[in-house]
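Trainee: Following this message is one structure expressed as C-alpha cells.
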2 protein chains.
Amino acid sequence: MKKYTEMTQEELRSEYEALQKEYLKYSSEPLSLNMARGKPSPAQLDLSMPMMDVLDSKTVLNAEDGTDCRNYGVLDGIPEAKALFADMLGVTSENIIVYGNSSLNIMYDSVSRSYTHGVMGSTPWCKLPKIKWLCVVPGYDRHFKITEHFGFEMINIPMLPTGPDMDMVEALVNNDASVKGIWCVPKYSNPSGNSYSEETVKRLAALKPAAEDFRIYWDNAYAVHHLYEDKQDSLPEILSECAAAGNPDMVYEFASTSKISLPGSGVAVMASSVGNIADIKKSMTVQTIGHDKVNQLRHVRFFKNADGIAAHMKKHADILRPKFEIVDTVLREEIGELGIGTWTKPNGGYFVSFDSMPGCAKDIFNAAKKAGVTLTNAGAAFPYGIDPEDKNIRIAPSYPSDEEMKTAMHVFTLGVKLVSAEHMLH
Amino acid sequence: MKKYTEMTQEELRSEYEALQKEYLKYSSEPLSLNMARGKPSPAQLDLSMPMMDVLDSKTVLNAEDGTDCRNYGVLDGIPEAKALFADMLGVTSENIIVYGNSSLNIMYDSVSRSYTHGVMGSTPWCKLPKIKWLCVVPGYDRHFKITEHFGFEMINIPMLPTGPDMDMVEALVNNDASVKGIWCVPKYSNPSGNSYSEETVKRLAALKPAAEDFRIYWDNAYAVHHLYEDKQDSLPEILSECAAAGNPDMVYEFASTSKISLPGSGVAVMASSVGNIADIKKSMTVQTIGHDKVNQLRHVRFFKNADGIAAHMKKHADILRPKFEIVDTVLREEIGELGIGTWTKPNGGYFVSFDSMPGCAKDIFNAAKKAGVTLTNAGAAFPYGIDPEDKNIRIAPSYPSDEEMKTAMHVFTLGVKLVSAEHMLH
C-alpha cells in the first residue's frame, strides 16, 4: 500500500472514507477490551496457584536460622529470602532488604525518607529550595507521579535505543547540585521494551554528581522477564559497576515478584550498598517491626533459587510471547510502511511503545476508546502527563486473550489510520 | 512481712544480705528468659495455623465483588475485609482503609504524610518551625520513636487510672496551635493495661484544638484483647463521639490482627472520617497500587466476622490469663505490702506496669538482666527513653511459658527487693 504521505488528497480522502465506514461498525457497537495496564492475565496468575499449597497448617514456619516466621521481628528479611533475591539480581545478601508487597511503595518511601531525613546525613530535601529529577521519557507514569507529588521539577531525558541520552544526563547531574535523582527502568524498559546498552550503564556508573545525595533509582522491574529463550537482553550489574567507578552508594535498585508470582501478594526488595542499607534501616526500624516473613518463606520454598525463578518465567513467556507477536504482526500488516507510525519489538517486559505522527496520540486514544478499546492515557508516559509531541502510546498486551488482542490491535490500527488521515486532510 | 520503710537499718541490712545471697545463685548461673516485648507465645501462634489451610491451589481467589485478588488493584481493601474490620471496630466500611501487615507502619506513614504534605490542605509540618506532640506516659516506646524521629517536641501527659490527664491535654491542645497530635492507646493501654474512662473519651472528642490539623492518633491495638469473659473493658466508639462533638475529622484510628492472627503476617487497618480517608488516599494512590489482597481474603475466610474474631480471642485469653495471674500472684506474694512497688492488674492487653520506688527502675532492670531475665529497658515507656522518676518497668508476660514466668517473676521481685533495700541503705 502507498504511504499516506505519498497519496494525493483525493486518494487520502477516499482512504479516509473507507476507514470511517469500518470504524463506524466498532463505534456503534463498542467492544470492551483493556490494554491500559501491564496486568498479568488469569492464565499467568494460574501459574502461581501451586504457591497456595507450599505452606499448610502442618508446616514448620521457621527460617533457616531458626527464626519463627510467624512472630514479630526481622527488619530486613529472612536469610533465605535475601539470598534468593541476591541470586536473582546478581548481588550479595548484605546488599538486600526484603520489604512487603510493593516495589513502588519502596520507591515512594525512599523519596519520602530523603525528603524528611536526607540521604546519609545530607540536608533533608524538604529544607532545600528546589529539587530536580531526571525522567527518562517515555517512561513509567507511576514513577513520575511520585516526584510530582513531592513537587520536584522533572526534566525530560529522551530514551534512545541505547537508553537515556547520556550527554544530557551527564551535563545535568555533574553540574547541578539540585538534581537529586533519575528514574531508570534499565531492562525491557517501560514502555519501549528496550534495554540500556553496556556503555550507557558504565556512563551512568561513572557519573560525577554535583550533589552528594544524588541517587540513581534503578527500577529493575523486568530483570528476569524475557520473552524468548534465544534472544535475551543482559546488562552489567549496576551496584558493582558503581562501586568500580568510585560511586559505591550512588544507586538504589528495586525489584519485586509482582510479575513473577502474584501482583499485590508478592515480595518486593531493594538492593544497594552496605552504606545505603545501614542509612535506610535507621528510618525503617522506626517505621515497622518487619514485613511479612510467612510470605517470604512461601516464595522461597516455591521458587527455591534463581534457576527456579527462571524456569517459572519461561512459563510466563510462553503465555506472553504470542500476544507480543500479535501486536507486531497486526502493526506490520496494518501500519507497515504507511509512514504513520513506528513501534518497538522488545525481547522482554510488558510493553510495546508506539509512536504516531506528532499531534495524533490523544486522538488515537480517543478513537480507540470510543470503539471500546482502552489504552493507557496518551501522555501518561511523560511527567505531568504531557507528551510534548503528542505521539506516544503504550501498548500493554498482557491481559487480553490472544483473540481479544487481535481484535484490539485491529481497532487500534484502524484508529491510527483514521486519525492520521484526518490530520493530513486538515 | 514488715514494710521496708518501717524496718530499722539493722533489719534492712539483714534483709539485704539474705537477698544478696539468694540473688548470687541466679547471677552466677544466669537464666535466659525474655519479658521484654509483647510477643505472642508459640502456643498462641499455633492457634492461627489453620489459616494456612484456608486457601489452596484450588480456591477461587475472588473477592465478593468479583475482584481477582491475585492481580493488581484495590487501593483500600477488598469489601469483605473492610466489612470485617468495620464490624470489629464498630464503624462502617466507608471509614476503613485496609493496609499491609503493620499498623505501626500506618502510623509512621500518617506522621510522614502530614510532615511532607500536610493534613487536608494545611501547611506541611516540615514547613513549620516547631511541632509538638502529646505523649501519654508511661506509653508505647515505638510511638515515641516515630515522633522523636521527626524531631517533634514531645510533652509528657501522665496516664491516670481514667486515662490521660485531661486537664493538661485540654490546656495544651486548645491553646497551642503547634500541638498537632497525641498518642493514645485507649483500651488495655500499653503498658498499664488500663482503659480510658467514658468521660475521658468524651472530653477527648470535645477538644477544641487550636490547630485545624490536630489529630488524635488512636492506637486501638488491644480492641478485642480481653483476658476475661466476665470482666471486659469497653469504651465509647471514638469516631462517632468526635462526630457528635463537632470534630468529625479529629481522629485517626489504627488496629491490626498482629496479636489476633500472626504478627508480621496479619492485616492492619485505619479507621477515620470519610474526609480523612479521601485526603489520605491522595497520597496513598501515589505510594502503592494496593496491599496484599490474598492475605486479606485469607483473614476474612478464616475469621468470617467480629464474632469469629471474638471466639478466636477467647483461645488467646485462655493461654494468656494464667501468665497474667502468675505475675499478679508472685507480685502479691513477694512484694505485697512491702511498700516498695505497685502494679496494675489489667483485664486485657499484653502488659502489666510496675512502679518501683523512685530512682530504682534502671537498677532493677540491670539486676534482672544480670540474673538472665530481660525486661523492657527501664525508661522505654517514656519519650527519649527518659523516665523522670526512674520508677516504671513494663512487664510483658505473653512469651515465656507458665513455668518460666514463675521463675522470671521470682527473679524480678528479688531484684526489686534487693535494689530497694540497697537504695534505702545508702
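To be explicit about the labels: the chains of the C-alpha cells are called A, B, and onward in the order shown, and within each one the residues are counted from 1, while ligands get numbers from 1 in the order they are shown.
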Output as a list in words the set of chain B residues within 6 Å of chain A, with distances taken over only C-alpha atoms.
Mentor: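 Residues passing the distance filter: Met49, Pro50, Met52, Asp53, Asp56, Ser57, Arg70, Asn71, Tyr72, Leu104, Asn105, Tyr108, Ile146, Leu262, Pro263, Gly264, Ser265, Val286, Gln287, Thr288, His291 and Asp292 of chain B.
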Trainee: Quick one: residues within 12 Å of A:Ser189, only C-alpha atoms, excluding same-chain residues fewer than 6 positions away - as an MDAnalysis selection string?
Mentor: chainID A and resid 136:140 159:164 183 195:197 218:223 225:226 233 344:353 381 394
Trainee: Please identify which residues in stretch 123-274 of chain A DSSP calls helix (DSSP H, G or I) from the backbone, and express them as a ChimeraX atom specification.
Mentor: /A:125-127,141-149,166-173,198-205,238-244,274
Trainee: B:Ile364: which residues within 9 Å, counting only C-alpha atoms, same-chain residues fewer than 2 positions away excluded, as a list in words?
Mentor: Ser356, Cys360, Ala361, Lys362, Asn366, Ala367, Ala368, Lys369, Ala378, Ile393, Phe412, Thr413, Gly415, Val416, Lys417, Leu418, Val419 and Ser420 of chain B
Trainee: Keeping N, CA, C and O atoms for every residue in the selection just given, could you write it to a file as a PDB file, in the first residue's frame?
Mentor:
ATOM      1  N   SER B 356       8.319   1.022  90.766  1.00  0.00           N
ATOM      2  CA  SER B 356       9.154   0.836  91.957  1.00  0.00           C
ATOM      3  C   SER B 356       9.223   2.148  92.734  1.00  0.00           C
ATOM      4  O   SER B 356       8.575   3.126  92.373  1.00  0.00           O
ATOM      5  N   CYS B 360      14.785   3.674  91.191  1.00  0.00           N
ATOM      6  CA  CYS B 360      15.194   2.259  91.260  1.00  0.00           C
ATOM      7  C   CYS B 360      15.057   1.481  89.961  1.00  0.00           C
ATOM      8  O   CYS B 360      15.612   0.380  89.824  1.00  0.00           O
ATOM      9  N   ALA B 361      14.289   1.989  88.983  1.00  0.00           N
ATOM     10  CA  ALA B 361      13.901   1.149  87.839  1.00  0.00           C
ATOM     11  C   ALA B 361      15.108   0.662  87.041  1.00  0.00           C
ATOM     12  O   ALA B 361      15.206  -0.515  86.707  1.00  0.00           O
ATOM     13  N   LYS B 362      16.046   1.568  86.760  1.00  0.00           N
ATOM     14  CA  LYS B 362      17.215   1.159  85.972  1.00  0.00           C
ATOM     15  C   LYS B 362      18.015   0.091  86.688  1.00  0.00           C
ATOM     16  O   LYS B 362      18.476  -0.876  86.067  1.00  0.00           O
ATOM     17  N   ASN B 366      18.780  -3.761  85.521  1.00  0.00           N
ATOM     18  CA  ASN B 366      20.124  -4.331  85.440  1.00  0.00           C
ATOM     19  C   ASN B 366      20.290  -5.563  86.310  1.00  0.00           C
ATOM     20  O   ASN B 366      20.939  -6.530  85.904  1.00  0.00           O
ATOM     21  N   ALA B 367      19.681  -5.535  87.488  1.00  0.00           N
ATOM     22  CA  ALA B 367      19.769  -6.697  88.383  1.00  0.00           C
ATOM     23  C   ALA B 367      19.099  -7.905  87.729  1.00  0.00           C
ATOM     24  O   ALA B 367      19.641  -9.014  87.749  1.00  0.00           O
ATOM     25  N   ALA B 368      17.933  -7.684  87.125  1.00  0.00           N
ATOM     26  CA  ALA B 368      17.226  -8.779  86.451  1.00  0.00           C
ATOM     27  C   ALA B 368      18.060  -9.287  85.273  1.00  0.00           C
ATOM     28  O   ALA B 368      18.219 -10.487  85.068  1.00  0.00           O
ATOM     29  N   LYS B 369      18.622  -8.348  84.524  1.00  0.00           N
ATOM     30  CA  LYS B 369      19.418  -8.700  83.345  1.00  0.00           C
ATOM     31  C   LYS B 369      20.606  -9.586  83.727  1.00  0.00           C
ATOM     32  O   LYS B 369      20.895 -10.583  83.062  1.00  0.00           O
ATOM     33  N   ALA B 378      14.371  -0.005  81.123  1.00  0.00           N
ATOM     34  CA  ALA B 378      13.771   0.989  82.017  1.00  0.00           C
ATOM     35  C   ALA B 378      13.770   2.332  81.299  1.00  0.00           C
ATOM     36  O   ALA B 378      14.754   2.692  80.650  1.00  0.00           O
ATOM     37  N   ILE B 393       8.572   0.095  85.155  1.00  0.00           N
ATOM     38  CA  ILE B 393       9.045  -1.087  84.434  1.00  0.00           C
ATOM     39  C   ILE B 393       7.849  -1.785  83.801  1.00  0.00           C
ATOM     40  O   ILE B 393       6.824  -2.000  84.450  1.00  0.00           O
ATOM     41  N   PHE B 412      12.595 -11.277  89.148  1.00  0.00           N
ATOM     42  CA  PHE B 412      12.258  -9.852  89.071  1.00  0.00           C
ATOM     43  C   PHE B 412      11.979  -9.272  90.467  1.00  0.00           C
ATOM     44  O   PHE B 412      12.539  -8.242  90.848  1.00  0.00           O
ATOM     45  N   THR B 413      11.142  -9.962  91.227  1.00  0.00           N
ATOM     46  CA  THR B 413      10.792  -9.433  92.556  1.00  0.00           C
ATOM     47  C   THR B 413      12.000  -9.446  93.489  1.00  0.00           C
ATOM     48  O   THR B 413      12.167  -8.540  94.311  1.00  0.00           O
ATOM     49  N   GLY B 415      14.984  -8.884  92.465  1.00  0.00           N
ATOM     50  CA  GLY B 415      15.697  -7.683  92.037  1.00  0.00           C
ATOM     51  C   GLY B 415      15.066  -6.427  92.631  1.00  0.00           C
ATOM     52  O   GLY B 415      15.770  -5.514  93.089  1.00  0.00           O
ATOM     53  N   VAL B 416      13.748  -6.384  92.655  1.00  0.00           N
ATOM     54  CA  VAL B 416      13.058  -5.212  93.209  1.00  0.00           C
ATOM     55  C   VAL B 416      13.416  -5.052  94.684  1.00  0.00           C
ATOM     56  O   VAL B 416      13.767  -3.953  95.149  1.00  0.00           O
ATOM     57  N   LYS B 417      13.365  -6.147  95.402  1.00  0.00           N
ATOM     58  CA  LYS B 417      13.654  -6.074  96.844  1.00  0.00           C
ATOM     59  C   LYS B 417      15.110  -5.690  97.091  1.00  0.00           C
ATOM     60  O   LYS B 417      15.415  -4.833  97.920  1.00  0.00           O
ATOM     61  N   LEU B 418      15.988  -6.343  96.350  1.00  0.00           N
ATOM     62  CA  LEU B 418      17.425  -6.089  96.507  1.00  0.00           C
ATOM     63  C   LEU B 418      17.762  -4.621  96.248  1.00  0.00           C
ATOM     64  O   LEU B 418      18.418  -3.954  97.053  1.00  0.00           O
ATOM     65  N   VAL B 419      17.294  -4.128  95.117  1.00  0.00           N
ATOM     66  CA  VAL B 419      17.606  -2.749  94.733  1.00  0.00           C
ATOM     67  C   VAL B 419      16.951  -1.764  95.702  1.00  0.00           C
ATOM     68  O   VAL B 419      17.561  -0.766  96.109  1.00  0.00           O
ATOM     69  N   SER B 420      15.717  -2.069  96.120  1.00  0.00           N
ATOM     70  CA  SER B 420      15.019  -1.172  97.045  1.00  0.00           C
ATOM     71  C   SER B 420      15.764  -1.090  98.373  1.00  0.00           C
ATOM     72  O   SER B 420      15.993   0.006  98.912  1.00  0.00           O
TER      73      SER B 420
END
Trainee: What's the 7 Å shell around stretch 13-23 of chain B, counting only C-alpha atoms, without same-chain residues fewer than 4 positions away, as a list in words?
Mentor: Gln9, Ser27, Leu414, Leu418, Ala421 and Glu422 of chain B
Trainee: Determine the nearest neighbour of B:Ile157 from the options B:Leu172, B:Ala36, B:Cys135, B:Ala86, counting only C-alpha atoms.
Mentor: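 Smallest distance to B:Ile157 is found for B:Cys135.
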Trainee: Among stretch 181-311 of chain A, which ones does DSSP assign to strand (DSSP E) (computed from the backbone)? Answer as a PyMOL selection string.
Mentor: chain A and resi 181-184+215-219+251-256+268-271
Trainee: Keeping only N, CA and C atoms, take the residues you just selected and write them out as a PDB file, in the first residue's frame.
Mentor:
ATOM      1  N   GLY A 181      18.104  12.940  41.570  1.00  0.00           N
ATOM      2  CA  GLY A 181      17.801  11.568  41.189  1.00  0.00           C
ATOM      3  C   GLY A 181      17.406  11.419  39.743  1.00  0.00           C
ATOM      4  N   ILE A 182      17.371  10.172  39.305  1.00  0.00           N
ATOM      5  CA  ILE A 182      16.904   9.844  37.956  1.00  0.00           C
ATOM      6  C   ILE A 182      16.118   8.537  38.040  1.00  0.00           C
ATOM      7  N   TRP A 183      14.963   8.509  37.396  1.00  0.00           N
ATOM      8  CA  TRP A 183      14.185   7.273  37.288  1.00  0.00           C
ATOM      9  C   TRP A 183      14.704   6.460  36.107  1.00  0.00           C
ATOM     10  N   CYS A 184      15.075   5.223  36.363  1.00  0.00           N
ATOM     11  CA  CYS A 184      15.536   4.341  35.293  1.00  0.00           C
ATOM     12  C   CYS A 184      14.791   3.002  35.350  1.00  0.00           C
ATOM     13  N   ARG A 215      20.990  10.044  43.711  1.00  0.00           N
ATOM     14  CA  ARG A 215      20.851   8.592  43.626  1.00  0.00           C
ATOM     15  C   ARG A 215      20.173   8.206  42.305  1.00  0.00           C
ATOM     16  N   ILE A 216      20.675   7.134  41.700  1.00  0.00           N
ATOM     17  CA  ILE A 216      20.003   6.519  40.555  1.00  0.00           C
ATOM     18  C   ILE A 216      18.923   5.601  41.098  1.00  0.00           C
ATOM     19  N   TYR A 217      17.682   5.849  40.730  1.00  0.00           N
ATOM     20  CA  TYR A 217      16.579   4.968  41.120  1.00  0.00           C
ATOM     21  C   TYR A 217      16.419   3.939  40.004  1.00  0.00           C
ATOM     22  N   TRP A 218      16.975   2.767  40.256  1.00  0.00           N
ATOM     23  CA  TRP A 218      17.178   1.714  39.249  1.00  0.00           C
ATOM     24  C   TRP A 218      16.070   0.672  39.419  1.00  0.00           C
ATOM     25  N   ASP A 219      14.974   0.894  38.717  1.00  0.00           N
ATOM     26  CA  ASP A 219      13.807   0.029  38.880  1.00  0.00           C
ATOM     27  C   ASP A 219      13.942  -1.172  37.953  1.00  0.00           C
ATOM     28  N   VAL A 251      23.452   4.165  43.889  1.00  0.00           N
ATOM     29  CA  VAL A 251      22.259   3.549  43.294  1.00  0.00           C
ATOM     30  C   VAL A 251      21.363   2.865  44.325  1.00  0.00           C
ATOM     31  N   TYR A 252      20.069   3.090  44.171  1.00  0.00           N
ATOM     32  CA  TYR A 252      19.048   2.287  44.849  1.00  0.00           C
ATOM     33  C   TYR A 252      18.411   1.416  43.771  1.00  0.00           C
ATOM     34  N   GLU A 253      18.513   0.100  43.928  1.00  0.00           N
ATOM     35  CA  GLU A 253      17.886  -0.793  42.956  1.00  0.00           C
ATOM     36  C   GLU A 253      16.610  -1.385  43.554  1.00  0.00           C
ATOM     37  N   PHE A 254      15.579  -1.509  42.733  1.00  0.00           N
ATOM     38  CA  PHE A 254      14.290  -2.029  43.182  1.00  0.00           C
ATOM     39  C   PHE A 254      13.860  -3.201  42.311  1.00  0.00           C
ATOM     40  N   ALA A 255      13.203  -4.158  42.925  1.00  0.00           N
ATOM     41  CA  ALA A 255      12.633  -5.268  42.157  1.00  0.00           C
ATOM     42  C   ALA A 255      11.508  -5.882  42.974  1.00  0.00           C
ATOM     43  N   SER A 256      10.734  -6.724  42.347  1.00  0.00           N
ATOM     44  CA  SER A 256       9.672  -7.431  43.068  1.00  0.00           C
ATOM     45  C   SER A 256       9.262  -8.665  42.292  1.00  0.00           C
ATOM     46  N   ALA A 268       8.705  -7.627  47.543  1.00  0.00           N
ATOM     47  CA  ALA A 268       9.497  -6.581  46.909  1.00  0.00           C
ATOM     48  C   ALA A 268      10.817  -6.411  47.639  1.00  0.00           C
ATOM     49  N   VAL A 269      11.832  -6.007  46.898  1.00  0.00           N
ATOM     50  CA  VAL A 269      13.159  -5.864  47.508  1.00  0.00           C
ATOM     51  C   VAL A 269      13.865  -4.606  47.020  1.00  0.00           C
ATOM     52  N   MET A 270      14.822  -4.208  47.832  1.00  0.00           N
ATOM     53  CA  MET A 270      15.749  -3.161  47.444  1.00  0.00           C
ATOM     54  C   MET A 270      17.146  -3.749  47.509  1.00  0.00           C
ATOM     55  N   ALA A 271      17.980  -3.347  46.569  1.00  0.00           N
ATOM     56  CA  ALA A 271      19.391  -3.727  46.617  1.00  0.00           C
ATOM     57  C   ALA A 271      20.204  -2.452  46.586  1.00  0.00           C
TER      58      ALA A 271
END
Trainee: Could you state the separation of atom CA of A:Met409 and atom CA of A:Ile326 in Å, given to one decimal place?
Mentor: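 Answer for the atom CA of A:Met409 to atom CA of A:Ile326 separation: 8.0 Å.
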Trainee: Rounded to one decimal in Å, what is the spacing between atom CA of A:Leu320 and atom CA of A:Pro397?
Mentor: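 That distance, rounded to one decimal, is 7.8 Å.
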Trainee: Using only C-alpha atoms for the distances, tell me which of A:Tyr99, A:Trp133, A:Trp343, A:Phe365 is nearest to A:Asn194.
Mentor: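 Answer, going by the shortest atom-to-atom distance: A:Trp343.
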